[in-house]
>>> print(open('entry36.tsv').read())   # TSV, C-alpha atoms
chain	number	residue	atom	x	y	z
J	1	MET	CA	-114.35	-6.95	53.95
J	2	LEU	CA	-114.48	-7.00	50.14
J	3	PHE	CA	-111.38	-6.14	48.12
J	4	ASP	CA	-110.42	-6.17	44.46
J	5	LEU	CA	-109.90	-9.78	43.46
J	6	PRO	CA	-106.59	-10.66	41.78
J	7	ASP	CA	-106.80	-12.34	38.37
J	8	ASP	CA	-107.89	-15.97	38.14
J	9	ASP	CA	-104.37	-17.25	37.44
J	10	THR	CA	-103.12	-15.75	40.71
J	11	LEU	CA	-106.06	-17.17	42.63
J	12	TYR	CA	-105.65	-20.61	41.07
J	13	ASN	CA	-101.97	-20.67	42.06
J	14	ALA	CA	-103.02	-19.68	45.58
J	15	LEU	CA	-105.48	-22.59	45.53
J	16	LEU	CA	-102.79	-25.04	44.39
J	17	ASN	CA	-100.40	-23.77	47.09
J	18	ARG	CA	-103.11	-23.54	49.78
J	19	ASP	CA	-102.00	-19.96	50.39
J	20	PRO	CA	-103.29	-18.88	53.84
J	21	ALA	CA	-103.16	-15.21	52.81
J	22	PHE	CA	-106.47	-15.67	50.98
J	23	ASP	CA	-108.22	-17.79	53.61
J	24	GLY	CA	-111.60	-16.27	54.37
J	25	LEU	CA	-111.18	-13.62	51.66
J	26	VAL	CA	-111.71	-15.71	48.51
J	27	PHE	CA	-113.65	-18.92	47.87
J	28	VAL	CA	-113.63	-21.25	44.89
J	29	GLY	CA	-116.70	-22.84	43.33
J	30	VAL	CA	-115.94	-26.09	41.50
J	31	ARG	CA	-118.38	-26.70	38.66
J	32	SER	CA	-117.49	-30.37	38.22
J	33	THR	CA	-118.54	-31.19	41.81
J	34	GLY	CA	-120.98	-28.38	42.66
J	35	VAL	CA	-118.98	-27.68	45.85
J	36	PHE	CA	-117.31	-24.48	47.05
J	37	CYS	CA	-114.20	-24.42	49.25
J	38	ARG	CA	-111.61	-22.27	50.97
J	39	LEU	CA	-108.42	-21.88	48.97
J	40	THR	CA	-106.68	-23.77	51.78
J	41	CYS	CA	-108.93	-26.82	51.45
J	42	PRO	CA	-106.96	-30.10	51.76
J	43	ALA	CA	-109.09	-31.83	49.11
J	44	ARG	CA	-107.70	-32.76	45.71
J	45	LYS	CA	-107.36	-29.65	43.57
J	46	PRO	CA	-109.75	-29.16	40.61
J	47	LYS	CA	-108.84	-28.23	37.06
J	48	PHE	CA	-108.54	-24.52	36.32
J	49	ALA	CA	-111.40	-24.69	33.80
J	50	ASN	CA	-113.79	-25.88	36.53
J	51	CYS	CA	-113.03	-23.04	38.96
J	52	THR	CA	-114.94	-19.82	39.62
J	53	PHE	CA	-113.77	-17.50	42.39
J	54	TYR	CA	-116.05	-15.56	44.76
J	55	GLN	CA	-115.54	-13.20	47.66
J	56	THR	CA	-118.24	-14.51	50.01
J	57	PRO	CA	-119.86	-17.84	50.88
J	58	THR	CA	-123.25	-16.24	50.20
J	59	ALA	CA	-122.21	-15.52	46.59
J	60	CYS	CA	-121.17	-19.18	46.21
J	61	ILE	CA	-124.52	-20.40	47.52
J	62	ASP	CA	-126.41	-17.96	45.29
J	63	ALA	CA	-124.45	-19.35	42.34
J	64	GLY	CA	-125.66	-22.87	43.19
J	65	PHE	CA	-122.64	-24.32	45.03
J	66	ARG	CA	-122.88	-26.23	48.32
J	67	PRO	CA	-120.27	-25.97	51.12
J	68	CYS	CA	-117.39	-28.43	51.24
J	69	LYS	CA	-117.63	-30.87	54.14
J	70	ARG	CA	-113.85	-30.97	54.58
J	71	CYS	CA	-112.92	-27.30	54.86
J	72	HIS	CA	-116.30	-25.87	56.05
J	73	PRO	CA	-115.96	-22.61	54.07
J	74	ILE	CA	-118.89	-20.85	55.73
J	75	HIS	CA	-117.01	-20.96	59.03
J	76	ALA	CA	-114.11	-19.05	57.48
J	77	LEU	CA	-115.85	-15.72	58.00
J	78	SER	CA	-117.61	-16.53	61.25
J	79	PRO	CA	-116.64	-14.42	64.28
J	80	ASP	CA	-115.62	-15.89	67.59
J	81	ASP	CA	-119.23	-15.54	68.77
J	82	PRO	CA	-120.10	-19.04	70.03
J	83	SER	CA	-123.76	-18.61	69.07
J	84	VAL	CA	-122.83	-18.00	65.42
J	85	GLN	CA	-120.41	-20.92	65.44
J	86	ASP	CA	-123.09	-23.17	66.96
J	87	LEU	CA	-125.74	-22.25	64.38
J	88	LEU	CA	-123.32	-22.72	61.48
J	89	THR	CA	-122.37	-26.16	62.81
J	90	ARG	CA	-126.03	-27.10	63.09
J	91	LEU	CA	-126.68	-25.83	59.56
J	92	ASP	CA	-123.78	-27.88	58.17
J	93	ALA	CA	-125.08	-30.98	59.95
J	94	ASN	CA	-128.60	-30.58	58.53
J	95	PRO	CA	-128.68	-28.11	55.61
J	96	THR	CA	-132.30	-28.88	54.69
J	97	HIS	CA	-133.71	-28.24	58.18
J	98	ARG	CA	-136.43	-25.58	58.19
J	99	TRP	CA	-135.29	-23.01	60.75
J	100	THR	CA	-137.61	-20.52	62.46
J	101	GLN	CA	-137.09	-17.68	64.93
J	102	SER	CA	-138.80	-19.71	67.65
J	103	GLN	CA	-136.25	-22.51	67.22
J	104	ILE	CA	-133.42	-19.99	67.58
J	105	THR	CA	-135.06	-18.73	70.77
J	106	LYS	CA	-135.42	-22.26	72.15
J	107	LEU	CA	-131.65	-22.65	71.79
J	108	GLY	CA	-131.25	-19.70	74.15
J	109	TYR	CA	-130.31	-17.08	71.54
J	110	ASP	CA	-131.86	-13.69	70.91
J	111	PRO	CA	-133.13	-13.63	67.27
J	112	SER	CA	-132.34	-9.91	66.86
J	113	THR	CA	-128.76	-10.38	68.04
J	114	ILE	CA	-128.32	-13.38	65.74
J	115	ARG	CA	-129.78	-11.44	62.82
J	116	ARG	CA	-127.36	-8.55	63.30
J	117	ALA	CA	-124.36	-10.85	63.77
J	118	PHE	CA	-125.01	-12.75	60.53
J	119	LYS	CA	-125.93	-9.62	58.58
J	120	ARG	CA	-122.73	-7.92	59.69
J	121	THR	CA	-120.50	-10.86	58.79
J	122	PHE	CA	-122.22	-12.58	55.86
J	123	GLY	CA	-124.38	-9.82	54.38
J	124	THR	CA	-127.49	-11.93	55.03
J	125	THR	CA	-129.42	-13.27	58.02
J	126	PHE	CA	-129.14	-16.80	59.37
J	127	LEU	CA	-132.70	-17.61	58.27
J	128	GLU	CA	-132.00	-16.33	54.75
J	129	LEU	CA	-128.74	-18.29	54.61
J	130	ALA	CA	-130.52	-21.45	55.74
J	131	ARG	CA	-133.32	-20.90	53.22
J	132	ALA	CA	-130.81	-20.45	50.39
J	133	ARG	CA	-129.12	-23.72	51.40
J	134	ARG	CA	-132.46	-25.52	51.23
J	135	LEU	CA	-133.44	-24.08	47.86
J	136	GLN	CA	-129.99	-24.86	46.48
J	137	ALA	CA	-130.55	-28.52	47.39
J	138	GLY	CA	-133.84	-28.48	45.49
J	139	PHE	CA	-132.28	-26.81	42.46
J	140	THR	CA	-129.54	-29.45	42.38
J	141	THR	CA	-132.14	-32.22	42.39
J	142	LEU	CA	-134.06	-30.62	39.51
J	143	SER	CA	-130.92	-29.98	37.46
J	144	ARG	CA	-130.04	-33.67	37.75
J	145	GLY	CA	-133.41	-34.68	36.32
J	146	GLY	CA	-135.26	-35.26	39.59
J	147	GLN	CA	-138.98	-34.76	40.04
J	148	VAL	CA	-140.43	-31.67	41.71
J	149	ILE	CA	-141.60	-33.74	44.69
J	150	ASP	CA	-138.03	-35.04	45.15
J	151	ALA	CA	-136.65	-31.50	44.94
J	152	GLN	CA	-139.24	-30.34	47.46
J	153	LEU	CA	-138.26	-33.04	49.94
J	154	ASP	CA	-134.53	-32.51	49.37
J	155	ALA	CA	-135.06	-28.80	50.07
J	156	GLY	CA	-136.82	-29.58	53.35
J	157	PHE	CA	-140.23	-28.17	52.39
J	158	GLU	CA	-143.27	-29.96	53.81
J	159	SER	CA	-145.64	-28.18	51.41
J	160	ALA	CA	-145.35	-28.45	47.63
J	161	SER	CA	-146.98	-25.05	47.20
J	162	ALA	CA	-144.51	-23.43	49.62
J	163	PHE	CA	-141.58	-24.91	47.71
J	164	ARG	CA	-142.95	-23.72	44.37
J	165	THR	CA	-143.56	-20.25	45.79
J	166	ALA	CA	-140.05	-20.00	47.27
J	167	PHE	CA	-138.44	-21.40	44.12
J	168	ALA	CA	-140.41	-19.06	41.86
J	169	LYS	CA	-139.51	-16.08	44.05
J	170	MET	CA	-135.82	-16.92	43.80
J	171	THR	CA	-135.67	-17.86	40.10
J	172	GLY	CA	-138.79	-16.30	38.60
J	173	VAL	CA	-139.94	-19.71	37.33
J	174	ASN	CA	-142.19	-22.41	38.78
J	175	PRO	CA	-140.20	-25.68	38.97
J	176	ASN	CA	-143.04	-27.52	37.18
J	177	SER	CA	-142.43	-25.32	34.15
J	178	PHE	CA	-138.99	-26.80	33.45
J	179	SER	CA	-138.64	-29.62	30.93
J	180	GLN	CA	-136.01	-32.35	31.29
J	181	ASN	CA	-135.55	-32.78	27.52
J	182	ALA	CA	-135.50	-29.10	26.58
J	183	ILE	CA	-133.06	-27.62	24.10
J	184	LEU	CA	-132.99	-24.35	26.03
J	185	LYS	CA	-131.20	-24.53	29.39
J	186	ALA	CA	-131.56	-22.09	32.28
J	187	ASP	CA	-129.06	-21.39	35.04
J	188	TRP	CA	-128.57	-18.70	37.66
J	189	PHE	CA	-125.25	-17.39	38.90
J	190	GLN	CA	-123.86	-14.66	41.10
J	191	THR	CA	-122.33	-11.45	39.76
J	192	THR	CA	-120.92	-8.29	41.29
J	193	LEU	CA	-124.33	-6.61	41.01
J	194	GLY	CA	-126.41	-9.56	42.18
J	195	PRO	CA	-127.64	-12.92	40.89
J	196	MET	CA	-128.55	-13.26	37.22
J	197	ILE	CA	-130.56	-15.84	35.28
J	198	ALA	CA	-129.47	-16.89	31.80
J	199	VAL	CA	-131.12	-19.08	29.16
J	200	ALA	CA	-129.25	-20.52	26.18
J	201	ASP	CA	-129.30	-23.38	23.70
J	202	ASN	CA	-126.21	-25.09	22.32
J	203	THR	CA	-125.43	-22.22	19.96
J	204	HIS	CA	-126.90	-18.94	21.26
J	205	LEU	CA	-127.77	-17.01	24.41
J	206	HIS	CA	-131.49	-16.17	24.51
J	207	LEU	CA	-131.91	-14.35	27.82
J	208	LEU	CA	-129.77	-12.74	30.51
J	209	GLU	CA	-131.47	-10.83	33.31
J	210	PHE	CA	-130.98	-9.85	36.93
J	211	ALA	CA	-132.99	-12.26	39.06
J	212	ASP	CA	-135.05	-9.51	40.70
J	213	ARG	CA	-136.17	-7.86	37.43
J	214	LYS	CA	-139.96	-7.55	37.55
J	215	ALA	CA	-140.38	-8.45	33.88
J	216	LEU	CA	-138.37	-11.69	34.22
J	217	PRO	CA	-141.31	-14.07	34.82
J	218	THR	CA	-143.10	-12.68	31.76
J	219	GLU	CA	-139.96	-12.93	29.64
J	220	LEU	CA	-139.34	-16.53	30.69
J	221	LYS	CA	-142.95	-17.49	30.08
J	222	ARG	CA	-142.81	-15.96	26.60
J	223	LEU	CA	-139.54	-17.76	25.88
J	224	GLN	CA	-140.96	-21.07	27.11
J	225	GLN	CA	-143.98	-20.71	24.85
J	226	SER	CA	-141.88	-19.91	21.79
J	227	ALA	CA	-139.59	-22.89	22.46
J	228	GLY	CA	-142.29	-25.34	23.51
J	229	GLY	CA	-143.00	-26.65	20.04
J	230	ILE	CA	-139.50	-27.75	19.02
J	231	GLY	CA	-137.49	-27.73	22.24
J	232	ARG	CA	-140.16	-28.55	24.80
J	233	GLY	CA	-139.74	-25.35	26.75
J	234	ILE	CA	-136.84	-24.65	29.09
J	235	GLY	CA	-134.79	-27.07	31.18
J	236	LEU	CA	-132.21	-26.63	33.91
J	237	GLY	CA	-128.51	-26.89	33.14
J	238	THR	CA	-125.85	-25.15	31.11
J	239	THR	CA	-124.52	-24.90	27.56
J	240	ALA	CA	-121.38	-23.58	25.88
J	241	PRO	CA	-122.86	-20.11	25.11
J	242	LEU	CA	-124.12	-19.84	28.68
J	243	GLU	CA	-120.68	-20.63	30.09
J	244	GLN	CA	-119.09	-18.22	27.62
J	245	ALA	CA	-121.41	-15.45	28.77
J	246	LYS	CA	-120.54	-16.15	32.42
J	247	ALA	CA	-116.81	-16.00	31.69
J	248	GLU	CA	-117.10	-12.79	29.68
J	249	LEU	CA	-119.21	-11.16	32.40
J	250	LEU	CA	-116.61	-12.12	35.01
J	251	ALA	CA	-113.88	-10.45	32.93
J	252	TYR	CA	-116.14	-7.45	32.28
J	253	TYR	CA	-116.79	-6.86	35.97
J	254	ALA	CA	-113.10	-7.36	36.71
J	255	GLY	CA	-112.26	-4.58	34.25
J	256	THR	CA	-110.20	-6.78	31.96
J	257	HIS	CA	-112.55	-7.25	28.98
J	258	LYS	CA	-115.01	-4.71	27.60
J	259	SER	CA	-116.53	-6.58	24.65
J	260	PHE	CA	-118.72	-9.67	24.36
J	261	GLU	CA	-118.48	-12.35	21.69
J	262	THR	CA	-121.19	-14.69	22.98
J	263	PRO	CA	-123.60	-15.38	20.05
J	264	LEU	CA	-127.05	-13.94	20.78
J	265	ALA	CA	-130.53	-15.02	19.69
J	266	LEU	CA	-132.68	-11.91	19.31
J	267	HIS	CA	-136.45	-12.30	19.73
J	268	GLY	CA	-138.28	-9.28	18.33
J	269	THR	CA	-139.46	-7.40	15.26
J	270	SER	CA	-137.01	-6.27	12.60
J	271	PHE	CA	-137.15	-2.72	14.00
J	272	THR	CA	-136.56	-3.89	17.56
J	273	LYS	CA	-133.62	-6.01	16.46
J	274	SER	CA	-132.12	-3.04	14.61
J	275	VAL	CA	-132.34	-0.99	17.82
J	276	TRP	CA	-130.56	-3.73	19.79
J	277	GLU	CA	-127.86	-4.10	17.16
J	278	THR	CA	-127.27	-0.34	17.23
J	279	LEU	CA	-127.07	-0.45	21.03
J	280	ARG	CA	-124.26	-2.98	20.75
J	281	LYS	CA	-122.24	-0.49	18.71
J	282	ILE	CA	-122.12	2.07	21.54
J	283	PRO	CA	-118.58	1.79	22.99
J	284	ALA	CA	-118.15	0.97	26.66
J	285	GLY	CA	-117.68	4.17	28.61
J	286	GLN	CA	-119.97	6.20	26.36
J	287	THR	CA	-123.69	7.03	26.62
J	288	GLN	CA	-126.32	8.21	24.16
J	289	SER	CA	-129.88	9.49	24.32
J	290	TYR	CA	-132.95	7.87	22.76
J	291	ALA	CA	-133.01	10.74	20.24
J	292	GLU	CA	-129.40	10.14	19.22
J	293	LEU	CA	-130.11	6.43	18.79
J	294	ALA	CA	-133.11	7.24	16.59
J	295	GLN	CA	-130.92	9.52	14.46
J	296	GLN	CA	-128.42	6.69	13.93
J	297	LEU	CA	-131.28	4.49	12.71
J	298	ASP	CA	-132.39	7.22	10.27
J	299	ARG	CA	-135.66	7.36	12.18
J	300	PRO	CA	-135.44	10.77	13.89
J	301	ASN	CA	-139.17	10.79	14.72
J	302	ALA	CA	-139.12	7.32	16.28
J	303	THR	CA	-137.71	8.28	19.69
J	304	ARG	CA	-140.60	6.69	21.58
J	305	ALA	CA	-140.42	3.51	19.51
J	306	VAL	CA	-136.69	3.33	20.21
J	307	ALA	CA	-137.40	3.73	23.94
J	308	ARG	CA	-139.95	0.90	23.85
J	309	ALA	CA	-137.49	-1.38	22.01
J	310	ASN	CA	-134.84	-0.51	24.55
J	311	GLY	CA	-137.20	-1.47	27.37
J	312	THR	CA	-137.98	-4.88	25.88
J	313	ASN	CA	-134.33	-5.95	25.72
J	314	GLN	CA	-134.00	-9.28	27.56
J	315	ILE	CA	-130.23	-9.69	27.30
J	316	ALA	CA	-128.82	-7.32	29.90
J	317	ILE	CA	-125.30	-5.85	29.66
J	318	LEU	CA	-124.37	-7.79	26.50
J	319	ILE	CA	-126.96	-5.62	24.76
J	320	PRO	CA	-126.03	-2.45	26.67
J	321	CYS	CA	-129.35	-0.65	27.13
J	322	HIS	CA	-127.82	0.80	30.32
J	323	ARG	CA	-125.78	3.14	28.08
J	324	ILE	CA	-128.94	5.06	27.09
J	325	ILE	CA	-129.71	8.15	29.16
J	326	GLY	CA	-132.13	11.05	28.88
J	327	THR	CA	-131.43	14.05	26.66
J	328	ASN	CA	-130.98	16.15	29.80
J	329	GLY	CA	-128.45	13.69	31.22
J	330	ASP	CA	-130.82	11.89	33.60
J	331	LEU	CA	-130.34	8.14	33.91
J	332	THR	CA	-134.03	7.45	33.06
J	333	GLY	CA	-135.41	3.97	33.63
J	334	TYR	CA	-133.60	0.62	33.75
J	335	GLY	CA	-135.19	-2.79	34.30
J	336	GLY	CA	-132.38	-3.91	36.59
J	337	GLY	CA	-132.74	-0.81	38.77
J	338	LEU	CA	-131.24	2.65	38.47
J	339	TRP	CA	-128.61	1.83	41.09
J	340	ARG	CA	-127.28	-0.93	38.82
J	341	LYS	CA	-127.37	1.37	35.80
J	342	ARG	CA	-125.29	3.91	37.70
J	343	LYS	CA	-122.81	1.21	38.78
J	344	LEU	CA	-122.47	-0.12	35.22
J	345	ILE	CA	-121.81	3.34	33.79
J	346	GLU	CA	-119.25	4.02	36.51
J	347	LEU	CA	-117.60	0.65	35.86
J	348	GLU	CA	-117.31	1.36	32.14
J	349	ARG	CA	-115.58	4.71	32.64
J	350	GLN	CA	-112.34	2.76	33.04
J	351	TYR	CA	-112.78	1.49	29.46
J	352	LYS	CA	-113.24	4.93	27.90
>>> encode(input="entry36.tsv", output="structure tokens")
Amino acid sequence: MLFDLPDDDTLYNALLNRDPAFDGLVFVGVRSTGVFCRLTCPARKPKFANCTFYQTPTACIDAGFRPCKRCHPIHALSPDDPSVQDLLTRLDANPTHRWTQSQITKLGYDPSTIRRAFKRTFGTTFLELARARRLQAGFTTLSRGGQVIDAQLDAGFESASAFRTAFAKMTGVNPNSFSQNAILKADWFQTTLGPMIAVADNTHLHLLEFADRKALPTELKRLQQSAGGIGRGIGLGTTAPLEQAKAELLAYYAGTHKSFETPLALHGTSFTKSVWETLRKIPAGQTQSYAELAQQLDRPNATRAVARANGTNQIAILIPCHRIIGTNGDLTGYGGGLWRKRKLIELERQYK
């Protein structure tokens, strides 16, 4: 069961002391190794700067971490059900194996029962968990400079087209589109409201979107084309602005930091940029209408143009287009989904 996470300093001390009170409730992802562990793991403790804390193993996997082979963190939440324990053990032994319902049946298990057991405990099915483990292996290979064929094999996909389809569905980008020598780097990571994809160079953040946003593939393609001449498109990895954005988002979701200082690269017309800059001036915990935003820009008749500029924003949350609502108080549209918009507005009420 999820609970409000303590601050990172408390969790890091619990990690250093191997505090059993947090076992199964909090997990740590270690960026320097790409591994996630229980806080009671007997392995050598990482530096504080390399630690990110999560509440579920699924969140760790979505953020690109693989399970520790010493403390077996996925087993921390597993019930006493021997079928669940058996499947987790098999998955640990061969994380790139391509599981199917028929294989689960051949082991003597009922697929529906297994699906419910994993969904209840992990928030995802066994097949989805296994698929995420496979794709994570492929992403790791690509981020280390490996070829697509190597990533495909490491992810346990027999078909190159199937791997590309699965990878594109998860990230919004075909793995062949990434460049090893690119200035722009892309990474995905887990947040309270779901996985996000970010793109940044060494000085500025260029894109930050929820991974399931329908416009994401178009935005990434446009960004790749604009960067192709000087930076050879987009590569996989991280940069200082990208890490800064992650840290600020973590504090934002935790309710400890309401502003963002990550430098942003804005791609748009002068009018569109002026709309985005005005959006950034709306305090957390407050909302405005398109008409009010147009008034602030001294363009009272440009409500529709303001709405279009708002809809083309490709840096979610940091440029807070979720703070714009209809004149009648309705939430109106939001690229990340109205449910997320509602959650973000509710979250920011504590800042008002």
>>> closest_residue(input="entry36.tsv", among="J:Glu292, J:Val199, J:Ile183, J:Ala132", to="Phe163 in chain J", atoms="only C-alpha atoms")
J:Ala132
>>> residues_around(input="entry36.tsv", residues="Gly333 in chain J", least_positions_apart="2", cutoff="12 Å", atoms="only C-alpha atoms", output="list in words")
Tyr290, Ala307, Arg308, Asn310, Gly311, Cys321, His322, Arg323, Ile324, Ile325, Gly326, Asp330, Leu331, Gly335, Gly336, Gly337, Leu338, Trp339, Arg340, Lys341 and Arg342 of chain J
>>> axis_aligned_box(input="entry36.tsv", around="range 26-43 of chain J", padding_each_side="3 Å", output="AutoDock Vina command-line options")
--center_x -113.8 --center_y -23.8 --center_z 45.0 --size_x 20.3 --size_y 22.1 --size_z 19.6
>>> closest_residue(input="entry36.tsv", among="J:His75, J:Lys258, J:Arg18, J:Lys273", to="Thr312 in chain J", atoms="all atoms listed in the file")
J:Lys273
>>> closest_residue(input="entry36.tsv", among="J:Phe48, J:Tyr109, J:Phe65, J:Phe210", to="Gly29 in chain J", atoms="all atoms listed in the file")
J:Phe65
>>> residues_around(input="entry36.tsv", residues="Ala302 in chain J", least_positions_apart="4", cutoff="12 Å", atoms="all atoms listed in the file", output="JSON, numbers by chain")
{"J": [271, 272, 275, 290, 291, 292, 293, 294, 295, 296, 297, 298, 306, 307, 308, 309]}
>>> atom_distance(input="entry36.tsv", atom1="CA of Asn202 in chain J", atom2="CA of Phe260 in chain J")
17.3 Å
>>> residues_around(input="entry36.tsv", residues="Ala265 in chain J", least_positions_apart="6", cutoff="12 Å", atoms="all atoms listed in the file", output="list in words")
Leu184, Val199, Ala200, Asp201, Asn202, Thr203, His204, Leu205, His206, Leu207, Leu208, Leu223, Pro241, Lys273, Trp276, Glu277, Asn313, Gln314, Ile315, Leu318 and Ile319 of chain J
>>> atom_distance(input="entry36.tsv", atom1="CA of Glu346 in chain J", atom2="CA of Gln286 in chain J")
10.4 Å
>>> closest_residue(input="entry36.tsv", among="J:Gln244, J:Thr327, J:Asn17, J:Thr278", to="Pro263 in chain J", atoms="all atoms listed in the file")
J:Gln244
>>> closest_residue(input="entry36.tsv", among="J:Ser32, J:Gln101, J:Thr262, J:Gln288", to="Thr52 in chain J", atoms="all atoms listed in the file")
J:Ser32
>>> closest_residue(input="entry36.tsv", among="J:Ala49, J:Ala245, J:Ile114, J:Leu236", to="Ala316 in chain J", atoms="all atoms listed in the file")
J:Ala245
>>> atom_distance(input="entry36.tsv", atom1="CA of Pro95 in chain J", atom2="CA of Arg133 in chain J")
6.1 Å
>>> residues_around(input="entry36.tsv", residues="Pro20 in chain J", least_positions_apart="2", cutoff="8 Å", atoms="only C-alpha atoms", output="ChimeraX atom specification")
/J:18,22-23,39-40
